[in-house]
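J.: Take a look at entry14.txt, compact mmCIF, C-alpha atoms:
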# COMPACT_ATOMS: atom_id res chain seq x y z
CA MET A 18 0.00 0.00 0.00
CA ARG A 19 1.40 3.38 -0.98
CA THR A 20 2.20 5.64 1.95
CA TYR A 21 0.61 8.98 2.79
CA ASP A 22 3.69 10.82 1.50
CA GLU A 23 3.68 8.86 -1.76
CA MET A 24 0.02 9.66 -2.36
CA MET A 25 0.47 13.35 -1.59
CA ARG A 26 3.45 13.59 -3.96
CA LEU A 27 1.37 11.94 -6.65
CA ILE A 28 -1.54 14.31 -6.15
CA LEU A 29 0.60 17.45 -6.01
CA ASP A 30 3.07 16.58 -8.77
CA LEU A 31 0.29 16.33 -11.32
CA ALA A 32 -1.13 19.69 -10.25
CA ILE A 33 2.23 21.43 -10.18
CA ASN A 34 3.18 20.23 -13.66
CA ASP A 35 -0.18 20.79 -15.34
CA GLU A 36 -0.83 24.49 -15.91
CA ARG A 37 -4.55 23.79 -16.37
CA ILE A 38 -4.78 22.93 -12.66
CA ARG A 39 -4.67 26.20 -10.72
CA ALA A 40 -5.23 25.11 -7.12
CA VAL A 41 -5.41 22.07 -4.88
CA THR A 42 -7.20 21.72 -1.56
CA MET A 43 -7.75 18.82 0.80
CA GLU A 44 -10.96 18.35 2.76
CA GLY A 45 -12.46 15.53 4.79
CA SER A 46 -10.92 13.69 7.70
CA ARG A 47 -7.31 14.29 6.65
CA ALA A 48 -7.92 18.04 6.88
CA ASN A 49 -9.42 17.75 10.36
CA LYS A 50 -6.93 17.41 13.18
CA ASN A 51 -9.58 15.85 15.43
CA ALA A 52 -10.59 13.12 12.99
CA VAL A 53 -9.23 9.58 12.83
CA HIS A 54 -6.17 9.35 10.60
CA ASP A 55 -5.13 5.89 9.49
CA ARG A 56 -4.63 3.79 6.36
CA TYR A 57 -8.38 3.66 5.80
CA SER A 58 -8.69 7.46 5.57
CA ASP A 59 -9.63 8.75 2.13
CA PHE A 60 -7.82 11.54 0.33
CA ASP A 61 -10.58 14.11 -0.25
CA ILE A 62 -8.95 16.32 -2.86
CA CYS A 63 -10.21 19.24 -4.92
CA TYR A 64 -8.59 20.44 -8.16
CA VAL A 65 -9.58 23.92 -9.36
CA VAL A 66 -9.11 23.81 -13.13
CA LYS A 67 -9.23 26.24 -16.05
CA ASP A 68 -11.72 24.25 -18.10
CA ILE A 69 -13.39 21.30 -16.41
CA ARG A 70 -14.49 19.85 -19.74
CA GLU A 71 -10.88 18.88 -20.48
CA PHE A 72 -10.95 16.63 -17.38
CA THR A 73 -14.42 15.11 -17.72
CA GLY A 74 -14.80 14.29 -21.40
CA ASP A 75 -11.83 11.88 -21.48
CA LYS A 76 -11.46 9.83 -18.30
CA ASP A 77 -8.26 8.01 -19.23
CA TRP A 78 -6.13 10.61 -17.46
CA ILE A 79 -7.15 9.38 -14.01
CA ARG A 80 -5.17 6.16 -14.64
CA TYR A 81 -2.22 8.28 -13.53
CA PHE A 82 -3.27 7.81 -9.90
CA GLY A 83 -2.89 4.03 -9.89
CA GLU A 84 -4.52 0.69 -10.58
CA MET A 85 -8.25 1.12 -10.13
CA LEU A 86 -10.34 -1.39 -8.20
CA ILE A 87 -13.60 0.46 -8.76
CA LEU A 88 -14.63 3.91 -9.93
CA GLN A 89 -17.80 5.90 -9.30
CA CYS A 90 -18.89 9.25 -10.75
CA PRO A 91 -21.84 10.38 -8.59
CA GLU A 92 -22.64 13.47 -10.68
CA ASP A 93 -23.26 11.23 -13.70
CA TRP A 94 -25.93 8.82 -12.49
CA HIS A 95 -28.89 7.12 -14.10
CA ASP A 96 -31.40 9.59 -12.69
CA HIS A 97 -29.30 12.78 -13.09
CA LEU A 98 -26.98 12.61 -16.08
CA TYR A 99 -24.04 14.99 -16.16
CA ASP A 100 -23.83 17.66 -18.84
CA TYR A 101 -20.35 17.13 -20.26
CA GLU A 102 -20.67 20.36 -22.23
CA GLY A 103 -21.26 22.30 -19.02
CA ARG A 104 -18.93 23.47 -16.26
CA GLU A 105 -20.57 22.09 -13.13
CA ASN A 106 -18.48 20.33 -10.46
CA PHE A 107 -17.53 16.73 -11.16
CA THR A 108 -16.20 14.05 -8.80
CA TYR A 109 -14.17 10.91 -9.37
CA LEU A 110 -14.45 8.46 -6.46
CA MET A 111 -11.45 6.21 -6.97
CA GLN A 112 -10.74 3.07 -4.94
CA PHE A 113 -7.35 1.63 -5.81
CA THR A 114 -6.27 -1.99 -5.58
CA ASP A 115 -3.56 -1.14 -3.03
CA GLY A 116 -6.20 0.06 -0.53
CA ASN A 117 -5.84 3.81 -1.04
CA ARG A 118 -8.81 5.92 -2.09
CA ILE A 119 -9.00 9.38 -3.63
CA ASP A 120 -12.25 11.32 -3.81
CA LEU A 121 -11.29 13.91 -6.41
CA THR A 122 -13.64 16.84 -6.97
CA LEU A 123 -13.06 19.07 -9.99
CA ILE A 124 -14.19 22.69 -9.85
CA ASP A 125 -14.14 24.92 -12.90
CA ILE A 126 -12.41 28.18 -12.08
CA THR A 127 -15.50 30.08 -13.20
CA ASN A 128 -17.30 28.54 -10.19
CA ILE A 129 -14.64 29.25 -7.60
CA ALA A 130 -16.59 32.03 -5.88
CA CYS A 131 -18.66 29.55 -3.84
CA GLN A 132 -15.47 28.29 -2.17
CA GLU A 133 -15.23 31.54 -0.23
CA TYR A 134 -18.14 30.40 1.94
CA ASN A 135 -16.71 27.00 2.85
CA THR A 136 -16.85 26.38 6.60
CA GLU A 137 -15.66 22.78 6.75
CA PRO A 138 -12.05 21.85 7.55
CA ARG A 139 -9.80 22.48 4.57
CA CYS A 140 -6.08 22.59 3.81
CA VAL A 141 -4.88 24.66 0.86
CA LEU A 142 -2.09 22.63 -0.73
CA LEU A 143 -1.50 24.72 -3.85
CA ASN A 144 -2.80 28.14 -4.94
CA LYS A 145 -0.97 29.21 -8.09
CA ASP A 146 -2.96 32.40 -8.53
CA ASN A 147 -3.31 33.27 -4.83
CA ARG A 148 -7.07 33.15 -5.12
CA LYS A 149 -8.62 34.80 -2.08
CA GLU A 150 -11.58 32.42 -2.22
CA LEU A 151 -9.35 29.58 -1.06
CA LEU A 152 -8.57 29.93 2.61
CA PRO A 153 -7.61 27.20 5.09
CA VAL A 154 -10.24 26.25 7.66
CA ASP A 155 -8.91 24.79 10.93
CA SER A 156 -12.13 24.54 12.93
CA GLU A 157 -14.56 21.64 12.77
CA SER A 158 -17.38 23.81 14.12
CA ALA A 159 -19.38 23.22 10.93
CA PHE A 160 -19.89 19.65 12.17
CA TYR A 161 -20.83 20.46 15.77
CA ILE A 162 -24.06 18.96 17.07
CA ALA A 163 -26.66 21.71 16.83
CA PRO A 164 -28.99 22.27 19.79
CA PRO A 165 -32.63 21.61 18.89
CA SER A 166 -35.53 23.99 19.21
CA GLU A 167 -38.22 22.74 21.56
CA LYS A 168 -40.41 22.08 18.52
CA GLU A 169 -37.76 19.87 16.92
CA TYR A 170 -37.19 18.08 20.21
CA ARG A 171 -40.89 17.31 20.69
CA ASP A 172 -41.36 16.27 17.06
CA THR A 173 -38.39 13.90 17.35
CA CYS A 174 -39.88 12.28 20.46
CA ASN A 175 -43.24 11.97 18.73
CA GLU A 176 -41.72 10.48 15.57
CA PHE A 177 -39.73 7.94 17.56
CA ARG A 178 -42.82 6.67 19.39
CA TRP A 179 -44.93 6.78 16.23
CA ILE A 180 -42.54 4.63 14.22
CA CYS A 181 -42.11 2.17 17.10
CA VAL A 182 -45.77 1.29 16.52
CA TYR A 183 -44.90 0.49 12.89
CA VAL A 184 -42.19 -1.89 14.08
CA THR A 185 -44.72 -3.80 16.16
CA LYS A 186 -47.08 -4.02 13.19
CA GLY A 187 -44.36 -5.70 11.17
CA LEU A 188 -43.50 -8.04 14.02
CA CYS A 189 -47.13 -9.05 14.56
CA ARG A 190 -47.55 -9.78 10.86
CA LYS A 191 -44.19 -11.60 10.68
CA GLU A 192 -43.08 -9.15 8.01
CA PHE A 193 -39.40 -9.49 8.80
CA TYR A 194 -37.72 -6.92 6.58
CA TYR A 195 -40.45 -4.33 7.10
CA ALA A 196 -40.00 -4.61 10.86
CA ARG A 197 -36.21 -4.52 10.62
CA TYR A 198 -36.25 -1.57 8.23
CA MET A 199 -38.50 0.45 10.50
CA PHE A 200 -36.25 -0.44 13.45
CA ASP A 201 -32.94 0.15 11.70
CA VAL A 202 -33.73 3.29 9.71
CA PRO A 203 -36.48 5.73 10.83
CA VAL A 204 -36.58 4.69 14.50
CA MET A 205 -32.79 4.52 14.82
CA LYS A 206 -32.46 7.91 13.11
CA MET A 207 -34.54 9.49 15.88
CA PHE A 208 -32.69 7.55 18.57
CA ILE A 209 -29.32 8.79 17.31
CA LYS A 210 -30.57 12.38 17.16
CA MET A 211 -31.55 12.22 20.81
CA LEU A 212 -28.30 10.54 21.82
CA ASP A 213 -26.39 13.27 19.96
CA TRP A 214 -28.35 15.96 21.77
CA LYS A 215 -27.49 14.36 25.12
CA ILE A 216 -23.82 14.35 24.18
CA GLY A 217 -24.10 17.90 22.84
CA ALA A 218 -25.77 19.16 26.02
CA ASP A 219 -22.97 17.64 28.11
CA ASN A 220 -20.34 19.38 25.96
CA ASP A 221 -21.86 22.83 25.37
CA PHE A 222 -22.73 21.75 21.81
CA ARG A 223 -19.11 22.16 20.76
CA VAL A 224 -18.43 18.58 19.67
CA THR A 225 -19.29 16.24 16.83
CA THR A 226 -19.97 12.52 16.90
CA GLY A 227 -18.99 12.29 13.23
CA LYS A 228 -20.82 10.99 10.21
CA HIS A 229 -23.28 8.25 11.21
CA GLY A 230 -22.03 8.43 14.80
CA LYS A 231 -18.58 7.03 14.06
CA TYR A 232 -17.07 8.90 17.04
CA LEU A 233 -19.72 7.92 19.59
CA LYS A 234 -17.21 5.90 21.56
CA ARG A 235 -15.30 9.11 22.29
CA PHE A 236 -18.22 10.40 24.35
CA LEU A 237 -19.87 7.31 25.81
CA ARG A 238 -18.44 5.55 28.82
CA GLU A 239 -17.54 1.91 28.24
CA GLU A 240 -20.69 0.63 29.95
CA GLU A 241 -22.89 3.05 28.01
CA MET A 242 -21.25 2.05 24.74
CA GLU A 243 -22.04 -1.57 25.59
CA ARG A 244 -25.62 -0.55 26.34
CA PHE A 245 -25.87 1.19 22.97
CA GLN A 246 -24.47 -1.83 21.13
CA GLY A 247 -26.92 -4.02 23.03
CA ILE A 248 -30.02 -2.47 21.43
CA PHE A 249 -29.28 -3.94 17.99
CA PRO A 250 -31.26 -7.13 17.32
CA ASN A 251 -30.35 -10.34 15.56
CA GLY A 252 -32.56 -12.08 13.02
CA GLN A 253 -35.09 -13.55 15.45
CA TYR A 254 -38.52 -11.99 15.97
CA GLU A 255 -38.38 -12.45 19.75
CA ASP A 256 -35.02 -10.70 19.90
CA ILE A 257 -36.34 -7.77 17.85
CA TRP A 258 -39.21 -7.44 20.34
CA GLU A 259 -36.78 -7.44 23.25
CA LYS A 260 -34.43 -4.91 21.67
CA LEU A 261 -37.34 -2.65 20.75
CA PHE A 262 -38.24 -2.25 24.42
CA LEU A 263 -34.60 -1.78 25.41
CA MET A 264 -34.26 0.98 22.82
CA TYR A 265 -37.59 2.52 23.78
CA ASP A 266 -36.62 2.84 27.42
CA TYR A 267 -33.12 4.05 26.57
CA PHE A 268 -34.60 6.74 24.31
CA ALA A 269 -37.03 7.85 27.03
CA GLU A 270 -34.18 8.15 29.50
CA ASN A 271 -32.12 10.27 27.10
CA ALA A 272 -35.14 12.37 26.10
CA GLY A 273 -35.91 13.13 29.73
CA TYR A 274 -32.30 14.07 30.34
CA VAL A 275 -32.15 16.39 27.31
CA ALA A 276 -35.43 18.03 28.32
CA GLY A 277 -34.04 18.70 31.78
CA ARG A 278 -30.81 20.17 30.44
CA LEU A 279 -32.51 22.41 27.86
CA GLY A 280 -35.59 23.35 29.84
CA PHE A 281 -38.02 21.53 27.54
CA PHE A 282 -41.26 19.69 28.34
CA PHE A 283 -40.89 15.89 28.37
CA ASP A 284 -44.20 14.15 27.63
CA ARG A 285 -44.04 11.31 30.12
CA GLU A 286 -47.72 10.51 29.71
CA GLU A 287 -47.40 9.87 25.97
CA THR A 288 -44.23 7.88 26.57
CA GLU A 289 -45.94 5.54 29.02
CA ARG A 290 -49.15 5.31 26.99
CA VAL A 291 -47.35 4.22 23.84
CA ARG A 292 -45.20 1.74 25.78
CA ARG A 293 -48.32 0.06 27.18
CA PHE A 294 -49.68 -0.22 23.66
CA LEU A 295 -46.44 -1.85 22.47
CA CYS A 296 -46.67 -4.36 25.33
CA GLU A 297 -50.27 -5.20 24.46
CA ARG A 298 -49.33 -5.86 20.86
CA LYS A 299 -46.47 -8.11 21.91
CA MET A 300 -48.78 -10.15 24.16
CA LYS A 301 -51.20 -10.67 21.28
CA SER A 302 -48.55 -11.47 18.66
For the file at hand, write its structure as structure tokens.

T.:
Amino acid sequence: MRTYDEMMRLILDLAINDERIRAVTMEGSRANKNAVHDRYSDFDICYVVKDIREFTGDKDWIRYFGEMLILQCPEDWHDHLYDYEGRENFTYLMQFTDGNRIDLTLIDITNIACQEYNTEPRCVLLNKDNRKELLPVDSESAFYIAPPSEKEYRDTCNEFRWICVYVTKGLCRKEFYYARYMFDVPVMKMFIKMLDWKIGADNDFRVTTGKHGKYLKRFLREEEMERFQGIFPNGQYEDIWEKLFLMYDYFAENAGYVAGRLGFFFDREETERVRRFLCERKMKS
């Protein structure tokens, strides 16, 4: 596997020697001092170019970066085809056989103005024209957990309880994937929001748990991390029932805590009423 230094030389040498490439920036985890940096970290790179069409029409040039395992171009997808005559941003997601990955975004220089408003961590690696729109960003504040309004808090609680009822419907009907989907996606989304708010409230809302909660273990004590991991069910209906109640009670505990910290109303009556309904459905299933 090529080293970090080898990859950076590769990325910069091309830009330095090609006058069509006017600037290079690095975003993502490698630009954030608080993120995890290891051999699995992607290289999130941006090339600002004179004419993006010279880099999108013929894709052979990206072979320069190494032997490709798989390539994806998200701007050119079946339901939103890319206009190769236009100058909109274009991204090459490149996974190489040696384990390295480069997510390379191309920006036409005519569209550089929007970069002035970037608030996410960014390193400026090359700026041939000293463009003022390209400034380094050291803070990860753009990713901080945002405190909810009381309306958002109450709607999140309501949505969590509402979708829990859907889970029980799937379990009672023995509709396995429906029940699992409702558990794993919409219910879990609300659960994670509340857990994030608890963590945010304990840290003055100046922290981030990362994309999809990848940094949760930084903020949860070992026993609480084990509790969190324990709410995920296996493939048995009875286990899904059990984990649903574990998650329900865990959510209620966190919701009550967040309400106390932020001065919000916690609807204990609705919480208990819905839980009784879930129990009744389980007894009849």

J.: Mind checking which residues fall within 12 Å of A:Leu212, counting all atoms listed in the file, ignoring those fewer than 4 positions away in the same chain, and posting them as a PyMOL selection string?

T.: chain A and resi 162+164+170+173-174+205-208+216-219+225-226+229-230+233+236-237+241-242+245+264+267-275

J.: State, in Å with one decimal place, the distance from atom CA of A:Ser58 to atom CA of A:Ser158.

T.: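 Computed distance, atom CA of A:Ser58 to atom CA of A:Ser158, equals 20.4 Å.
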
J.: Give one line per residue of stretch 80-160 of chain A that approaches stretch 62-73 of chain A to at most 12 Å, naming the two atoms of the closest pair and their distance in Å to one decimal, counting only C-alpha atoms; sort by chain then ascending residue number and deliver it as JSON lines.

T.:
{"residue": "A:Cys90", "atom": "CA", "partner": "A:Thr73", "partner_atom": "CA", "distance": 10.1}
{"residue": "A:Glu92", "atom": "CA", "partner": "A:Thr73", "partner_atom": "CA", "distance": 10.9}
{"residue": "A:Asp93", "atom": "CA", "partner": "A:Thr73", "partner_atom": "CA", "distance": 10.5}
{"residue": "A:Tyr99", "atom": "CA", "partner": "A:Thr73", "partner_atom": "CA", "distance": 9.7}
{"residue": "A:Asp100", "atom": "CA", "partner": "A:Arg70", "partner_atom": "CA", "distance": 9.6}
{"residue": "A:Tyr101", "atom": "CA", "partner": "A:Arg70", "partner_atom": "CA", "distance": 6.5}
{"residue": "A:Glu102", "atom": "CA", "partner": "A:Arg70", "partner_atom": "CA", "distance": 6.7}
{"residue": "A:Gly103", "atom": "CA", "partner": "A:Arg70", "partner_atom": "CA", "distance": 7.2}
{"residue": "A:Arg104", "atom": "CA", "partner": "A:Ile69", "partner_atom": "CA", "distance": 6.0}
{"residue": "A:Glu105", "atom": "CA", "partner": "A:Ile69", "partner_atom": "CA", "distance": 7.9}
{"residue": "A:Asn106", "atom": "CA", "partner": "A:Ile69", "partner_atom": "CA", "distance": 7.9}
{"residue": "A:Phe107", "atom": "CA", "partner": "A:Thr73", "partner_atom": "CA", "distance": 7.4}
{"residue": "A:Thr108", "atom": "CA", "partner": "A:Cys63", "partner_atom": "CA", "distance": 8.8}
{"residue": "A:Tyr109", "atom": "CA", "partner": "A:Thr73", "partner_atom": "CA", "distance": 9.4}
{"residue": "A:Leu110", "atom": "CA", "partner": "A:Ile62", "partner_atom": "CA", "distance": 10.2}
{"residue": "A:Met111", "atom": "CA", "partner": "A:Ile62", "partner_atom": "CA", "distance": 11.2}
{"residue": "A:Arg118", "atom": "CA", "partner": "A:Ile62", "partner_atom": "CA", "distance": 10.4}
{"residue": "A:Ile119", "atom": "CA", "partner": "A:Ile62", "partner_atom": "CA", "distance": 7.0}
{"residue": "A:Asp120", "atom": "CA", "partner": "A:Ile62", "partner_atom": "CA", "distance": 6.1}
{"residue": "A:Leu121", "atom": "CA", "partner": "A:Ile62", "partner_atom": "CA", "distance": 4.9}
{"residue": "A:Thr122", "atom": "CA", "partner": "A:Cys63", "partner_atom": "CA", "distance": 4.7}
{"residue": "A:Leu123", "atom": "CA", "partner": "A:Tyr64", "partner_atom": "CA", "distance": 5.0}
{"residue": "A:Ile124", "atom": "CA", "partner": "A:Val65", "partner_atom": "CA", "distance": 4.8}
{"residue": "A:Asp125", "atom": "CA", "partner": "A:Ile69", "partner_atom": "CA", "distance": 5.1}
{"residue": "A:Ile126", "atom": "CA", "partner": "A:Lys67", "partner_atom": "CA", "distance": 5.4}
{"residue": "A:Thr127", "atom": "CA", "partner": "A:Lys67", "partner_atom": "CA", "distance": 7.9}
{"residue": "A:Asn128", "atom": "CA", "partner": "A:Val65", "partner_atom": "CA", "distance": 9.0}
{"residue": "A:Ile129", "atom": "CA", "partner": "A:Val65", "partner_atom": "CA", "distance": 7.6}
{"residue": "A:Ala130", "atom": "CA", "partner": "A:Val65", "partner_atom": "CA", "distance": 11.3}
{"residue": "A:Gln132", "atom": "CA", "partner": "A:Val65", "partner_atom": "CA", "distance": 10.3}
{"residue": "A:Arg139", "atom": "CA", "partner": "A:Ile62", "partner_atom": "CA", "distance": 9.7}
{"residue": "A:Cys140", "atom": "CA", "partner": "A:Ile62", "partner_atom": "CA", "distance": 9.6}
{"residue": "A:Val141", "atom": "CA", "partner": "A:Cys63", "partner_atom": "CA", "distance": 9.5}
{"residue": "A:Leu142", "atom": "CA", "partner": "A:Ile62", "partner_atom": "CA", "distance": 9.6}
{"residue": "A:Leu143", "atom": "CA", "partner": "A:Tyr64", "partner_atom": "CA", "distance": 9.3}
{"residue": "A:Asn144", "atom": "CA", "partner": "A:Val65", "partner_atom": "CA", "distance": 9.1}
{"residue": "A:Lys145", "atom": "CA", "partner": "A:Val65", "partner_atom": "CA", "distance": 10.2}
{"residue": "A:Asp146", "atom": "CA", "partner": "A:Val65", "partner_atom": "CA", "distance": 10.8}
{"residue": "A:Arg148", "atom": "CA", "partner": "A:Val65", "partner_atom": "CA", "distance": 10.5}
{"residue": "A:Glu150", "atom": "CA", "partner": "A:Val65", "partner_atom": "CA", "distance": 11.3}
{"residue": "A:Leu151", "atom": "CA", "partner": "A:Val65", "partner_atom": "CA", "distance": 10.0}

J.: In Å, with one decimal, what is the gap from atom CA of A:Met85 to atom CA of A:Lys50?

T.: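 Here the two named atoms are 28.5 Å from each other.
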
J.: Around all of stretch 239-250 of chain A's listed atoms, make the axis-aligned box with 5 Å on each side and tell me centre and edge lengths in Å to one decimal, as lines of an AutoDock Vina configuration file.

T.:
center_x = -24.4
center_y = -2.0
center_z = 23.6
size_x = 23.7
size_y = 20.2
size_z = 22.6

J.: Take atom CA of A:Phe193 and atom CA of A:Gly252 and report the distance between them in Å, one decimal.

T.: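 Here the two named atoms are 8.4 Å from each other.
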
J.: For each of A:Tyr194, A:Phe283, A:Phe294, A:Phe113, take the minimum atom-to-atom distance to A:Tyr254, counting all atoms listed in the file, then give the residue where this is smallest.

T.: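 Checking each of A:Tyr194, A:Phe283, A:Phe294, A:Phe113 against A:Tyr254, counting all atoms listed in the file, the winner is A:Tyr194.
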
J.: Could you check the closest approach to A:Asp201 for each of A:Met24, A:Met43, A:Ile248, A:Ala159 and tell me which residue wins, using only C-alpha atoms?

T.: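 Under the stated criterion, the closest residue is A:Ile248.
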
J.: Choose the residue, out of A:Gly83, A:Lys76, A:Phe262, A:Glu255, that has the smallest atom-to-atom separation from A:Cys189; count all atoms listed in the file.

T.: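 Selected residue with least distance to A:Cys189: A:Glu255.
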
J.: Give me the residues within 8 Å of A:Phe200 as a VMD selection string, counting all atoms listed in the file and dropping any in the same chain fewer than 3 places off.

T.: chain A and resid 181 184 196 to 197 203 to 205 261

J.: Give me the residues near A:Lys228 as a PDB file with C-alpha atoms, keeping the file's coordinate frame, where near means some atom within 12 Å (using only C-alpha atoms) and where sequence neighbours in that chain fewer than 6 positions away do not count.

T.:
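Okay, this is what ended up in around-v7.pdb:
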ATOM      1  CA  GLY A  45     -12.460  15.530   4.790  1.00  0.00           C
ATOM      2  CA  SER A  46     -10.920  13.690   7.700  1.00  0.00           C
ATOM      3  CA  ALA A  52     -10.590  13.120  12.990  1.00  0.00           C
ATOM      4  CA  VAL A  53      -9.230   9.580  12.830  1.00  0.00           C
ATOM      5  CA  PHE A 160     -19.890  19.650  12.170  1.00  0.00           C
ATOM      6  CA  TYR A 161     -20.830  20.460  15.770  1.00  0.00           C
ATOM      7  CA  ILE A 162     -24.060  18.960  17.070  1.00  0.00           C
ATOM      8  CA  ILE A 209     -29.320   8.790  17.310  1.00  0.00           C
ATOM      9  CA  ASP A 213     -26.390  13.270  19.960  1.00  0.00           C
TER      10      ASP A 213
END
